[in-house]
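Take a look at the structure below.
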Amino acid sequence: HINNNTGILVRNFITVPFDFMQRILMPFISVISEMLVIIIILITMLFYQPMVLVFLLLFIFPFIYVYYRFNKMRLSQLSVKRDTQGKKYYTQSFQDMNFFREIVLFKRFEYFKHNYYKKLSEMVKNIRSLNMINDVSLKRIELVGVFGIFSIFIASFVLHKTGDLTEILVFFVIALSRIIPSLNKTIAFINTIKSTEYAYRYLDSLPKDISIDLPSRIEQKATKSLSLNKKIEIRDLSFKYPTATKPTFDKINFQIKKGETVGIVGPSGSGKT
């Protein structure tokens with residue numbers, strides 16, 4: 001985590017905790033509350049009108065199970081895309097802000113603006129996909145409910161038990177009017193949680209004990225004055241962050257002659273400093 005690009009670290013510090021609270025924890029609490037409402041309604045129907053409960057279990061819940069299994073992989077892919085696109089967006093934004101003066105000076109504003117809007121549009125597209133899944137989910141559950149009402153209505157004529165099935169139909173419609181809103185909310189919350197599971201995985205992967213050995217004070221050593229009359233020459237320079245597994249760069253060599261203007265270019269975290 002410490003070795004990440006600076007823009008990604010900013011994303012992890014700002015966005016990941018927010019997504020976990022707003023798109024995982026709070027929806028999870030809402031799912032629990034909506035499930036309690038559904039359970040109370042089902043228990044009431046079990047004692048008052050068991051046949052209504054049978055019709056509900058027959059028409060609604062198998063559809064919910066199949067629909068969730070169908071969308072599970074798609075929601076996981078949305079989570080991965082959200083993670084990847086968020087990293088790219090924050091990296092691009094962080095670099096653009098740090099080098100805004102140079103961007104304007106060298107008249108490269110349109111180029112960087114295009115890159116910025118491209119990454120932003122990818123994030124918006126991902127959010128739009130989740131909204132589409134939620135909207136379709138709501139309509140499909142309502143469609144299944146209507147199909148259940150139609151099936152009971154047809155059965156009443158086929159079996160010539162209009163009176164008994166009419167009573168069941170009335171209770172079925174009343175039950176649907178209370179359960180469908182809770183089911184819609186529950187599915188929307190679950191979709192949101194599933195599409196943001198990257199935040200949970202990231203927080204879960206954090207080491208429980210982060211300790212970085214830093215010197216308690218900077219030792220001041222007498223240094224000999226350097227002569228910079230001709231050039232600055234670097235020979236076999238290597239560098240590795242304390243917690244990194246491999247060097248940022250290894251045995252690089254270059255020289256800068258007096259009077260030259262040199263730009264050291266590279267993404268954040270590549271070792272420019």
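Going through the structure tokens in order, the chains are called A, B, and so on, while each chain numbers its residues from 1 and the ligands are numbered from 1 in the order shown.
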
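Proximity to A:Pro27 at 8 Å, evaluated using only C-alpha atoms and with sequence-adjacent residues fewer than 3 positions away removed, yields Gln22, Arg23, Ile24, Ser30, Val31, Phe189, Ile190, Thr192 and Ile193 of chain A.
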
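If you look at atom CA of A:Pro267 and atom CA of A:Glu102, they are 14.7 Å away from each other.
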
Shell around A:Ile180 at 12 Å using only C-alpha atoms, local window under 2 positions removed, as an NGL selection string: :A and (34-35 or 37-38 or 41 or 56 or 60-61 or 64 or 137-146 or 172-178 or 182-187)

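Checking A:Leu228, A:Val170, A:Val66, A:Ala188 one by one against A:Asp135, counting only C-alpha atoms, you find the shortest gap at A:Ala188.
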
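Around stretch 247-250 of chain A, within 10 Å and counting only C-alpha atoms, the residues found are Asn3, Asp236, Leu237, Ser238, Phe239, Lys240, Tyr241, Pro242, Ala244, Asn253, Gly269, Ser270, Gly271 and Lys272 of chain A, once anything fewer than 3 positions away on its own chain is removed.
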
Residue selection dump (C-alpha atoms) as a tab-separated table (two decimals), in the first residue's frame:
```tsv
chain	number	residue	atom	x	y	z
A	3	ASN	CA	4.56	1.68	-2.49
A	236	ASP	CA	25.60	3.22	-10.68
A	237	LEU	CA	22.86	4.87	-8.62
A	238	SER	CA	20.30	2.49	-7.11
A	239	PHE	CA	17.29	3.17	-4.89
A	240	LYS	CA	14.64	1.04	-3.18
A	241	TYR	CA	11.83	2.09	-0.84
A	242	PRO	CA	12.19	0.50	2.63
A	244	ALA	CA	9.49	-2.41	-1.53
A	253	ASN	CA	24.17	6.35	-15.05
A	269	GLY	CA	6.19	7.07	-7.49
A	270	SER	CA	8.73	6.25	-10.21
A	271	GLY	CA	11.69	7.77	-8.34
A	272	LYS	CA	12.01	11.27	-9.83
```

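Minimum atom-to-atom distance to A:Ser79, evaluated using only C-alpha atoms, belongs to A:Arg201 out of A:Arg201, A:Lys251, A:Arg235, A:Lys246.
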
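Note that atom CA of A:Gly266 and atom CA of A:Ile103 are 14.5 Å apart.
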
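Compared by their closest atoms to A:Ile127, and using only C-alpha atoms, the residues A:Phe63, A:Met26, A:Leu75, A:Ile149 rank with A:Leu75 nearest.
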
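Closest approach to A:Leu46 from the set A:Phe171, A:Val262, A:Thr196, A:Ser33 is made by A:Phe171, with distances taken over only C-alpha atoms.
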